>>> print(open('model-v3.pdb').read())   # PDB, C-alpha atoms, pLDDT in the B column
ATOM      1  CA  MET X 185       4.831   3.280  39.862  1.00 53.00           C
ATOM      2  CA  SER X 186       6.006   1.021  37.113  1.00 72.00           C
ATOM      3  CA  THR X 187       6.845   0.541  33.485  1.00 84.00           C
ATOM      4  CA  VAL X 188       3.899  -0.574  31.399  1.00 90.00           C
ATOM      5  CA  MET X 189       4.268  -2.173  27.981  1.00 91.00           C
ATOM      6  CA  ILE X 190       1.407  -2.865  25.627  1.00 94.00           C
ATOM      7  CA  VAL X 191       2.086  -5.980  23.600  1.00 94.00           C
ATOM      8  CA  ALA X 192       0.382  -7.170  20.409  1.00 94.00           C
ATOM      9  CA  PRO X 193       0.439 -10.963  20.549  1.00 96.00           C
ATOM     10  CA  ILE X 194       1.860 -13.026  17.693  1.00 96.00           C
ATOM     11  CA  VAL X 195       0.156 -16.397  17.351  1.00 96.00           C
ATOM     12  CA  ILE X 196       2.626 -18.801  15.787  1.00 94.00           C
ATOM     13  CA  ALA X 197       2.506 -22.514  16.503  1.00 93.00           C
ATOM     14  CA  ASN X 198       1.638 -25.902  15.125  1.00 91.00           C
ATOM     15  CA  TRP X 199      -1.972 -26.867  14.535  1.00 90.00           C
ATOM     16  CA  GLY X 200      -2.063 -28.943  17.714  1.00 89.00           C
ATOM     17  CA  ALA X 201      -1.252 -25.973  19.953  1.00 92.00           C
ATOM     18  CA  ILE X 202      -3.501 -23.609  18.029  1.00 92.00           C
ATOM     19  CA  SER X 203      -6.483 -25.966  17.937  1.00 90.00           C
ATOM     20  CA  ALA X 204      -6.101 -26.471  21.716  1.00 92.00           C
ATOM     21  CA  ALA X 205      -6.182 -22.681  22.194  1.00 94.00           C
ATOM     22  CA  VAL X 206      -9.220 -22.467  19.899  1.00 94.00           C
ATOM     23  CA  ALA X 207     -11.058 -25.155  21.881  1.00 93.00           C
ATOM     24  CA  ALA X 208     -10.285 -23.435  25.203  1.00 94.00           C
ATOM     25  CA  GLY X 209     -11.050 -19.959  23.859  1.00 95.00           C
ATOM     26  CA  VAL X 210     -14.426 -20.789  22.348  1.00 95.00           C
ATOM     27  CA  ALA X 211     -15.391 -22.701  25.498  1.00 95.00           C
ATOM     28  CA  ALA X 212     -14.577 -19.592  27.555  1.00 94.00           C
ATOM     29  CA  ALA X 213     -16.976 -17.663  25.291  1.00 94.00           C
ATOM     30  CA  GLY X 214     -19.752 -20.207  25.915  1.00 95.00           C
ATOM     31  CA  PHE X 215     -19.385 -22.096  22.637  1.00 95.00           C
ATOM     32  CA  THR X 216     -19.294 -25.868  22.327  1.00 92.00           C
ATOM     33  CA  ALA X 217     -16.321 -26.984  20.235  1.00 83.00           C
ATOM     34  CA  THR X 218     -15.750 -30.128  18.229  1.00 74.00           C
ATOM     35  CA  ALA X 219     -12.741 -31.014  16.101  1.00 61.00           C
ATOM     36  CA  HIS X 220     -13.823 -32.140  12.637  1.00 63.00           C
ATOM     37  CA  THR X 221     -12.126 -33.891   9.776  1.00 56.00           C
ATOM     38  CA  ALA X 222     -12.357 -32.435   6.263  1.00 56.00           C
ATOM     39  CA  ALA X 223     -15.246 -34.749   5.298  1.00 43.00           C
ATOM     40  CA  VAL X 224     -17.369 -33.890   8.325  1.00 49.00           C
ATOM     41  CA  ALA X 225     -16.608 -30.204   7.876  1.00 48.00           C
ATOM     42  CA  GLY X 226     -17.780 -30.347   4.252  1.00 50.00           C
ATOM     43  CA  GLN X 227     -20.985 -31.924   5.452  1.00 50.00           C
ATOM     44  CA  ALA X 228     -21.435 -29.252   8.105  1.00 51.00           C
ATOM     45  CA  ARG X 229     -20.947 -26.518   5.545  1.00 53.00           C
ATOM     46  CA  SER X 230     -23.346 -28.004   2.981  1.00 45.00           C
ATOM     47  CA  GLU X 231     -26.029 -28.287   5.657  1.00 53.00           C
ATOM     48  CA  SER X 232     -25.851 -24.544   6.193  1.00 51.00           C
ATOM     49  CA  ARG X 233     -26.259 -23.519   2.560  1.00 55.00           C
ATOM     50  CA  GLY X 234     -29.422 -22.007   1.137  1.00 57.00           C
ATOM     51  CA  ALA X 235     -31.326 -21.307   4.337  1.00 64.00           C
ATOM     52  CA  GLY X 236     -30.767 -17.570   4.656  1.00 81.00           C
ATOM     53  CA  ILE X 237     -27.417 -18.088   6.269  1.00 88.00           C
ATOM     54  CA  SER X 238     -25.173 -15.045   6.668  1.00 92.00           C
ATOM     55  CA  ARG X 239     -21.453 -15.567   6.804  1.00 94.00           C
ATOM     56  CA  GLU X 240     -18.435 -13.487   7.840  1.00 96.00           C
ATOM     57  CA  GLU X 241     -14.768 -14.408   7.530  1.00 96.00           C
ATOM     58  CA  ILE X 242     -12.140 -12.834   9.763  1.00 96.00           C
ATOM     59  CA  GLU X 243      -8.399 -13.419   9.639  1.00 94.00           C
ATOM     60  CA  VAL X 244      -6.567 -13.557  12.937  1.00 94.00           C
ATOM     61  CA  PRO X 245      -3.883 -10.842  12.674  1.00 88.00           C
ATOM     62  CA  ASP X 246      -0.257 -11.819  13.254  1.00 92.00           C
ATOM     63  CA  SER X 247      -0.998 -15.519  13.156  1.00 95.00           C
ATOM     64  CA  GLU X 248       0.821 -18.387  11.500  1.00 94.00           C
ATOM     65  CA  ILE X 249       0.126 -22.081  11.598  1.00 92.00           C
ATOM     66  CA  LEU X 250       3.405 -23.853  10.981  1.00 88.00           C
ATOM     67  CA  GLU X 251       3.476 -25.754   7.711  1.00 76.00           C
ATOM     68  CA  GLY X 252       3.262 -29.508   7.719  1.00 70.00           C
ATOM     69  CA  THR X 253       1.403 -29.550  11.011  1.00 58.00           C
ATOM     70  CA  VAL X 254      -2.123 -29.339   9.663  1.00 58.00           C
ATOM     71  CA  GLY X 255      -3.883 -31.785   7.374  1.00 60.00           C
ATOM     72  CA  THR X 256      -6.093 -30.727   4.482  1.00 60.00           C
ATOM     73  CA  GLY X 257      -9.299 -29.159   5.699  1.00 69.00           C
ATOM     74  CA  GLU X 258      -8.548 -29.685   9.368  1.00 83.00           C
ATOM     75  CA  GLN X 259     -10.617 -27.340  11.479  1.00 89.00           C
ATOM     76  CA  VAL X 260     -12.400 -26.691  14.729  1.00 93.00           C
ATOM     77  CA  VAL X 261     -16.137 -26.030  14.647  1.00 94.00           C
ATOM     78  CA  ALA X 262     -17.900 -24.346  17.572  1.00 94.00           C
ATOM     79  CA  GLU X 263     -21.544 -23.464  18.104  1.00 94.00           C
ATOM     80  CA  ARG X 264     -23.635 -21.250  20.382  1.00 94.00           C
ATOM     81  CA  ASP X 265     -27.226 -20.059  20.072  1.00 91.00           C
ATOM     82  CA  GLY X 266     -27.519 -20.777  16.359  1.00 91.00           C
ATOM     83  CA  ILE X 267     -24.136 -19.278  15.491  1.00 94.00           C
ATOM     84  CA  ARG X 268     -21.468 -21.547  14.083  1.00 94.00           C
ATOM     85  CA  ALA X 269     -17.777 -20.602  14.056  1.00 96.00           C
ATOM     86  CA  ILE X 270     -15.294 -22.547  11.949  1.00 95.00           C
ATOM     87  CA  PHE X 271     -11.566 -22.069  12.585  1.00 95.00           C
ATOM     88  CA  THR X 272      -9.186 -23.131   9.807  1.00 93.00           C
ATOM     89  CA  ARG X 273      -5.813 -22.341   8.274  1.00 90.00           C
ATOM     90  CA  ASP X 274      -6.221 -19.785   5.508  1.00 89.00           C
ATOM     91  CA  VAL X 275      -4.314 -19.574   2.203  1.00 86.00           C
ATOM     92  CA  ARG X 276      -1.637 -17.284   3.662  1.00 87.00           C
ATOM     93  CA  GLY X 277      -0.967 -19.866   6.411  1.00 90.00           C
ATOM     94  CA  GLY X 278      -2.635 -17.882   9.178  1.00 94.00           C
ATOM     95  CA  LEU X 279      -5.632 -18.674  11.314  1.00 95.00           C
ATOM     96  CA  LYS X 280      -9.071 -17.546  10.204  1.00 95.00           C
ATOM     97  CA  VAL X 281     -12.582 -17.915  11.524  1.00 96.00           C
ATOM     98  CA  CYS X 282     -15.785 -18.107   9.513  1.00 96.00           C
ATOM     99  CA  VAL X 283     -18.853 -17.184  11.546  1.00 96.00           C
ATOM    100  CA  GLU X 284     -22.291 -18.013  10.201  1.00 95.00           C
ATOM    101  CA  GLY X 285     -25.889 -18.071  11.312  1.00 94.00           C
ATOM    102  CA  ALA X 286     -29.453 -17.713  10.050  1.00 92.00           C
ATOM    103  CA  GLY X 287     -31.157 -14.352  10.502  1.00 90.00           C
ATOM    104  CA  ILE X 288     -28.088 -12.755  12.089  1.00 92.00           C
ATOM    105  CA  THR X 289     -26.643  -9.525  10.744  1.00 93.00           C
ATOM    106  CA  ALA X 290     -23.153  -9.395   9.317  1.00 93.00           C
ATOM    107  CA  GLN X 291     -22.299  -6.829  11.979  1.00 95.00           C
ATOM    108  CA  GLU X 292     -23.335  -9.201  14.780  1.00 95.00           C
ATOM    109  CA  LEU X 293     -21.459 -12.108  13.201  1.00 96.00           C
ATOM    110  CA  ARG X 294     -18.331  -9.965  12.972  1.00 97.00           C
ATOM    111  CA  ARG X 295     -18.707  -8.912  16.605  1.00 96.00           C
ATOM    112  CA  VAL X 296     -18.983 -12.556  17.677  1.00 97.00           C
ATOM    113  CA  GLY X 297     -16.041 -13.526  15.463  1.00 97.00           C
ATOM    114  CA  GLU X 298     -13.848 -10.821  16.979  1.00 96.00           C
ATOM    115  CA  GLU X 299     -14.899 -11.847  20.483  1.00 96.00           C
ATOM    116  CA  LEU X 300     -13.859 -15.419  19.700  1.00 97.00           C
ATOM    117  CA  ILE X 301     -10.532 -14.327  18.219  1.00 97.00           C
ATOM    118  CA  GLY X 302      -9.838 -12.359  21.397  1.00 97.00           C
ATOM    119  CA  ARG X 303     -10.578 -15.368  23.597  1.00 97.00           C
ATOM    120  CA  VAL X 304      -8.530 -17.727  21.443  1.00 97.00           C
ATOM    121  CA  THR X 305      -5.596 -15.301  21.467  1.00 97.00           C
ATOM    122  CA  GLN X 306      -5.922 -14.958  25.241  1.00 97.00           C
ATOM    123  CA  GLN X 307      -5.722 -18.728  25.673  1.00 97.00           C
ATOM    124  CA  TYR X 308      -2.793 -19.016  23.291  1.00 97.00           C
ATOM    125  CA  VAL X 309      -0.840 -16.269  25.076  1.00 97.00           C
ATOM    126  CA  TYR X 310      -1.601 -17.734  28.502  1.00 96.00           C
ATOM    127  CA  HIS X 311      -0.338 -21.218  27.620  1.00 95.00           C
ATOM    128  CA  ARG X 312       2.696 -19.913  25.759  1.00 95.00           C
ATOM    129  CA  LEU X 313       3.620 -17.659  28.659  1.00 94.00           C
ATOM    130  CA  VAL X 314       3.168 -20.331  31.327  1.00 94.00           C
ATOM    131  CA  SER X 315       5.235 -22.878  29.400  1.00 93.00           C
ATOM    132  CA  GLU X 316       8.010 -20.327  28.766  1.00 91.00           C
ATOM    133  CA  LEU X 317       8.061 -19.279  32.422  1.00 91.00           C
ATOM    134  CA  GLU X 318       8.324 -22.924  33.468  1.00 91.00           C
ATOM    135  CA  ALA X 319      11.171 -23.488  31.014  1.00 90.00           C
ATOM    136  CA  ARG X 320      13.008 -20.507  32.569  1.00 87.00           C
ATOM    137  CA  HIS X 321      12.227 -21.736  36.116  1.00 88.00           C
ATOM    138  CA  VAL X 322      10.271 -18.566  36.880  1.00 88.00           C
ATOM    139  CA  SER X 323       7.580 -19.129  39.490  1.00 88.00           C
ATOM    140  CA  ILE X 324       4.094 -17.703  39.216  1.00 92.00           C
ATOM    141  CA  ILE X 325       3.278 -16.152  42.590  1.00 93.00           C
ATOM    142  CA  HIS X 326      -0.297 -15.137  41.866  1.00 95.00           C
ATOM    143  CA  GLU X 327      -2.878 -15.770  39.201  1.00 96.00           C
ATOM    144  CA  GLU X 328      -6.438 -14.483  38.891  1.00 96.00           C
ATOM    145  CA  VAL X 329      -9.269 -13.924  36.445  1.00 96.00           C
ATOM    146  CA  THR X 330     -10.729 -10.435  36.795  1.00 96.00           C
ATOM    147  CA  ALA X 331     -14.396  -9.432  36.470  1.00 96.00           C
ATOM    148  CA  ASP X 332     -13.821  -8.429  32.841  1.00 95.00           C
ATOM    149  CA  GLN X 333     -12.354 -11.893  32.133  1.00 95.00           C
ATOM    150  CA  ALA X 334      -8.749 -10.730  31.870  1.00 97.00           C
ATOM    151  CA  VAL X 335      -6.130 -13.129  33.212  1.00 97.00           C
ATOM    152  CA  LYS X 336      -3.520 -11.601  35.527  1.00 96.00           C
ATOM    153  CA  ILE X 337      -0.289 -13.409  36.302  1.00 95.00           C
ATOM    154  CA  ARG X 338       2.346 -12.116  38.733  1.00 94.00           C
ATOM    155  CA  VAL X 339       5.904 -13.421  38.753  1.00 92.00           C
ATOM    156  CA  ARG X 340       9.003 -12.445  40.772  1.00 84.00           C
ATOM    157  CA  SER X 341      11.903 -10.998  38.872  1.00 71.00           C
ATOM    158  CA  TRP X 342      14.601 -13.572  38.143  1.00 70.00           C
TER     159      TRP X 342
ATOM    160  CA  MET M  92      12.844  -3.363  50.184  1.00 49.00           C
ATOM    161  CA  ALA M  93       9.737  -3.730  48.037  1.00 58.00           C
ATOM    162  CA  SER M  94       9.523  -7.047  46.207  1.00 75.00           C
ATOM    163  CA  GLU M  95      10.388  -6.997  42.533  1.00 83.00           C
ATOM    164  CA  GLU M  96       7.528  -8.318  40.508  1.00 87.00           C
ATOM    165  CA  ILE M  97       6.218  -8.380  36.967  1.00 89.00           C
ATOM    166  CA  GLU M  98       2.496  -8.523  36.278  1.00 92.00           C
ATOM    167  CA  ILE M  99       1.150  -9.738  32.952  1.00 94.00           C
ATOM    168  CA  GLU M 100      -2.470  -8.986  32.146  1.00 96.00           C
ATOM    169  CA  ILE M 101      -3.995 -10.864  29.212  1.00 97.00           C
ATOM    170  CA  GLY M 102      -7.273  -9.250  28.231  1.00 97.00           C
ATOM    171  CA  ALA M 103     -10.305 -11.113  26.895  1.00 96.00           C
ATOM    172  CA  ASP M 104      -9.611  -9.272  23.629  1.00 95.00           C
ATOM    173  CA  GLY M 105      -6.146 -10.832  23.490  1.00 94.00           C
ATOM    174  CA  GLN M 106      -4.270  -7.617  24.249  1.00 93.00           C
ATOM    175  CA  VAL M 107      -1.452  -7.895  26.760  1.00 95.00           C
ATOM    176  CA  LYS M 108      -0.030  -5.455  29.305  1.00 94.00           C
ATOM    177  CA  VAL M 109       3.266  -6.138  31.022  1.00 92.00           C
ATOM    178  CA  ARG M 110       3.830  -4.058  34.161  1.00 90.00           C
ATOM    179  CA  THR M 111       6.843  -4.079  36.457  1.00 87.00           C
ATOM    180  CA  LYS M 112       6.609  -3.298  40.153  1.00 84.00           C
ATOM    181  CA  GLY M 113       9.424  -2.428  42.501  1.00 80.00           C
ATOM    182  CA  ILE M 114      12.151  -2.769  39.878  1.00 77.00           C
ATOM    183  CA  LYS M 115      14.322   0.329  39.653  1.00 74.00           C
ATOM    184  CA  GLY M 116      16.328   1.766  36.799  1.00 74.00           C
ATOM    185  CA  GLU M 117      16.824   0.263  33.358  1.00 76.00           C
ATOM    186  CA  ALA M 118      16.313  -3.276  34.684  1.00 77.00           C
ATOM    187  CA  CYS M 119      12.658  -2.334  34.836  1.00 75.00           C
ATOM    188  CA  LYS M 120      12.446  -2.067  31.050  1.00 79.00           C
ATOM    189  CA  GLU M 121      14.642  -5.078  30.465  1.00 82.00           C
ATOM    190  CA  TYR M 122      12.438  -7.393  32.520  1.00 80.00           C
ATOM    191  CA  ALA M 123       9.259  -6.159  30.840  1.00 83.00           C
ATOM    192  CA  ALA M 124      10.789  -6.433  27.373  1.00 86.00           C
ATOM    193  CA  ALA M 125      12.055  -9.960  28.023  1.00 86.00           C
ATOM    194  CA  LEU M 126       8.545 -11.100  28.863  1.00 85.00           C
ATOM    195  CA  ALA M 127       6.942  -9.078  26.082  1.00 87.00           C
ATOM    196  CA  ARG M 128       9.183 -10.701  23.481  1.00 87.00           C
ATOM    197  CA  ILE M 129       7.875 -14.146  24.456  1.00 90.00           C
ATOM    198  CA  ILE M 130       4.365 -13.009  23.642  1.00 92.00           C
ATOM    199  CA  GLY M 131       4.673 -10.796  20.595  1.00 94.00           C
ATOM    200  CA  ARG M 132       5.468  -7.284  19.458  1.00 92.00           C
ATOM    201  CA  ILE M 133       5.834  -4.312  21.815  1.00 92.00           C
ATOM    202  CA  GLU M 134       3.384  -1.638  20.659  1.00 92.00           C
ATOM    203  CA  SER M 135       4.086   0.945  23.319  1.00 91.00           C
ATOM    204  CA  SER M 136       6.142   1.415  26.432  1.00 88.00           C
ATOM    205  CA  GLU M 137       5.304   3.917  29.113  1.00 85.00           C
ATOM    206  CA  PRO M 138       8.105   4.772  31.506  1.00 79.00           C
ATOM    207  CA  THR M 139       7.173   6.061  34.942  1.00 68.00           C
ATOM    208  CA  SER M 140       9.154   7.869  37.608  1.00 63.00           C
ATOM    209  CA  GLU M 141      10.281   4.582  39.142  1.00 56.00           C
ATOM    210  CA  LEU M 142      12.265   3.907  36.003  1.00 52.00           C
ATOM    211  CA  TYR M 143      14.463   6.917  36.716  1.00 56.00           C
ATOM    212  CA  GLU M 144      15.273   5.935  40.293  1.00 55.00           C
ATOM    213  CA  THR M 145      18.616   4.267  40.704  1.00 54.00           C
ATOM    214  CA  PRO M 146      19.210   1.372  43.048  1.00 51.00           C
ATOM    215  CA  ASN M 147      21.567   3.633  45.126  1.00 46.00           C
ATOM    216  CA  GLU M 148      18.851   6.202  45.714  1.00 46.00           C
ATOM    217  CA  VAL M 149      16.535   3.462  46.880  1.00 43.00           C
ATOM    218  CA  ARG M 150      19.094   2.083  49.314  1.00 44.00           C
ATOM    219  CA  ARG M 151      19.641   5.575  50.738  1.00 41.00           C
ATOM    220  CA  VAL M 152      15.949   5.970  51.454  1.00 43.00           C
ATOM    221  CA  ILE M 153      15.870   2.592  53.165  1.00 38.00           C
ATOM    222  CA  ASP M 154      18.979   3.451  55.236  1.00 45.00           C
ATOM    223  CA  ILE M 155      17.445   6.725  56.430  1.00 42.00           C
ATOM    224  CA  ARG M 156      14.232   4.993  57.446  1.00 47.00           C
ATOM    225  CA  GLN M 157      16.117   2.273  59.310  1.00 46.00           C
ATOM    226  CA  SER M 158      18.205   4.802  61.268  1.00 42.00           C
ATOM    227  CA  HIS M 159      15.107   6.196  63.005  1.00 43.00           C
TER     228      HIS M 159
END
>>> encode(input="model-v3.pdb", output="structure tokens")
Amino acid sequence: MSTVMIVAPIVIANWGAISAAVAAGVAAAGFTATAHTAAVAGQARSESRGAGISREEIEVPDSEILEGTVGTGEQVVAERDGIRAIFTRDVRGGLKVCVEGAGITAQELRRVGEELIGRVTQQYVYHRLVSELEARHVSIIHEEVTADQAVKIRVRSW
Amino acid sequence: MASEEIEIEIGADGQVKVRTKGIKGEACKEYAAALARIIGRIESSEPTSELYETPNEVRRVIDIRQSH
């Protein structure tokens, strides 16, 4: 018996914290991530043009990258099996991901993009929670990753 | 007395469940809400029968068991 609360995460942090969560999240989904500067990113994008590339853009809901913490065009690029995902700050100041690949349906690209957003959010929440618990001197008594890749953390009441 | 714990489950889809165990009365909700607020916005809260038990009732049960 218990009280159960369902919580919708809010991702709000500087680019450093968010890009770290992106790198960890995409790695958990089997992608290889590399941080790129604006110039390299432009190159990466131009390489993908004109070869039957499909592209989907998805905004991460309830996200905000704090102003002044991200340079122009800063992004994280990740790749897996011919699919490239590019995480950047969008015009509203939130996090967005562009997913692209040759010969891949828009539906599949969207599915992959949403999977990545879930993993990135999971990583962000985990690190935010652990750092807040440490700051409040609350000890984690058990931690596990379940078969469906959920992370469970147990703490004693304080 | 059962240990008072809070379990946080962070799904691969980013959704979070905060569940209290062994915490009686309104403190149950307060602990869960305190943790939930760190993470984001509470979308739903499901009270269970444990929420309505008071610490006194719990102590009485323990006392009865110990007297045997």
>>> residues_around(input="model-v3.pdb", residues="Ala205 in chain X", least_positions_apart="5", cutoff="9 Å", atoms="all atoms listed in the file", output="number ranges by chain")
X: 200, 210, 303-309, 311
>>> closest_residue(input="model-v3.pdb", among="X:Ala212, X:Met189, X:Ala262, X:Ala269", to="Ala103 in chain M", atoms="all atoms listed in the file")
X:Ala212
>>> interface_residues(input="model-v3.pdb", of="chain M", to="chain X", cutoff="6 Å", atoms="all atoms listed in the file", output="list in words")
Glu95, Glu96, Ile97, Glu98, Ile99, Glu100, Ile101, Gly102, Ala103, Asp104, Gly105, Val107, Lys108, Val109, Arg110, Thr111, Lys112, Ile130, Gly131, Arg132, Ile133, Glu134, Ser135, Ser136, Glu137, Pro138, Thr139 and Glu141 of chain M
>>> atom_distance(input="model-v3.pdb", atom1="CA of Gly277 in chain X", atom2="CA of Ser247 in chain X")
8.0 Å
>>> axis_aligned_box(input="model-v3.pdb", around="range 332-340 of chain X", padding_each_side="5 Å", output="lines of an AutoDock Vina configuration file")
center_x = -2.4
center_y = -10.9
center_z = 36.3
size_x = 32.8
size_y = 15.0
size_z = 18.9
>>> atom_distance(input="model-v3.pdb", atom1="CA of Thr272 in chain X", atom2="CA of Ser315 in chain X")
24.3 Å
>>> resolve_selection(input="model-v3.pdb", expression="the PyMOL selection byres ((chain X and resi 199) around 8)", output="list of chain:residue names")
X:Ala197, X:Asn198, X:Gly200, X:Ala201, X:Ile202, X:Ser203, X:Ile249, X:Leu250, X:Thr253, X:Val254
>>> write_last_selection(input="model-v3.pdb", atoms="C-alpha atoms", output="PDB file, in the coordinates of the input")
ATOM      1  CA  ALA X 197       2.506 -22.514  16.503  1.00 93.00           C
ATOM      2  CA  ASN X 198       1.638 -25.902  15.125  1.00 91.00           C
ATOM      3  CA  GLY X 200      -2.063 -28.943  17.714  1.00 89.00           C
ATOM      4  CA  ALA X 201      -1.252 -25.973  19.953  1.00 92.00           C
ATOM      5  CA  ILE X 202      -3.501 -23.609  18.029  1.00 92.00           C
ATOM      6  CA  SER X 203      -6.483 -25.966  17.937  1.00 90.00           C
ATOM      7  CA  ILE X 249       0.126 -22.081  11.598  1.00 92.00           C
ATOM      8  CA  LEU X 250       3.405 -23.853  10.981  1.00 88.00           C
ATOM      9  CA  THR X 253       1.403 -29.550  11.011  1.00 58.00           C
ATOM     10  CA  VAL X 254      -2.123 -29.339   9.663  1.00 58.00           C
TER      11      VAL X 254
END
>>> residues_around(input="model-v3.pdb", residues="Gly266 in chain X", least_positions_apart="3", cutoff="9 Å", atoms="all atoms listed in the file", output="PyMOL selection string")
chain X and resi 263+284-286
>>> atom_distance(input="model-v3.pdb", atom1="CA of Ile270 in chain X", atom2="CA of Gly297 in chain X")
9.7 Å
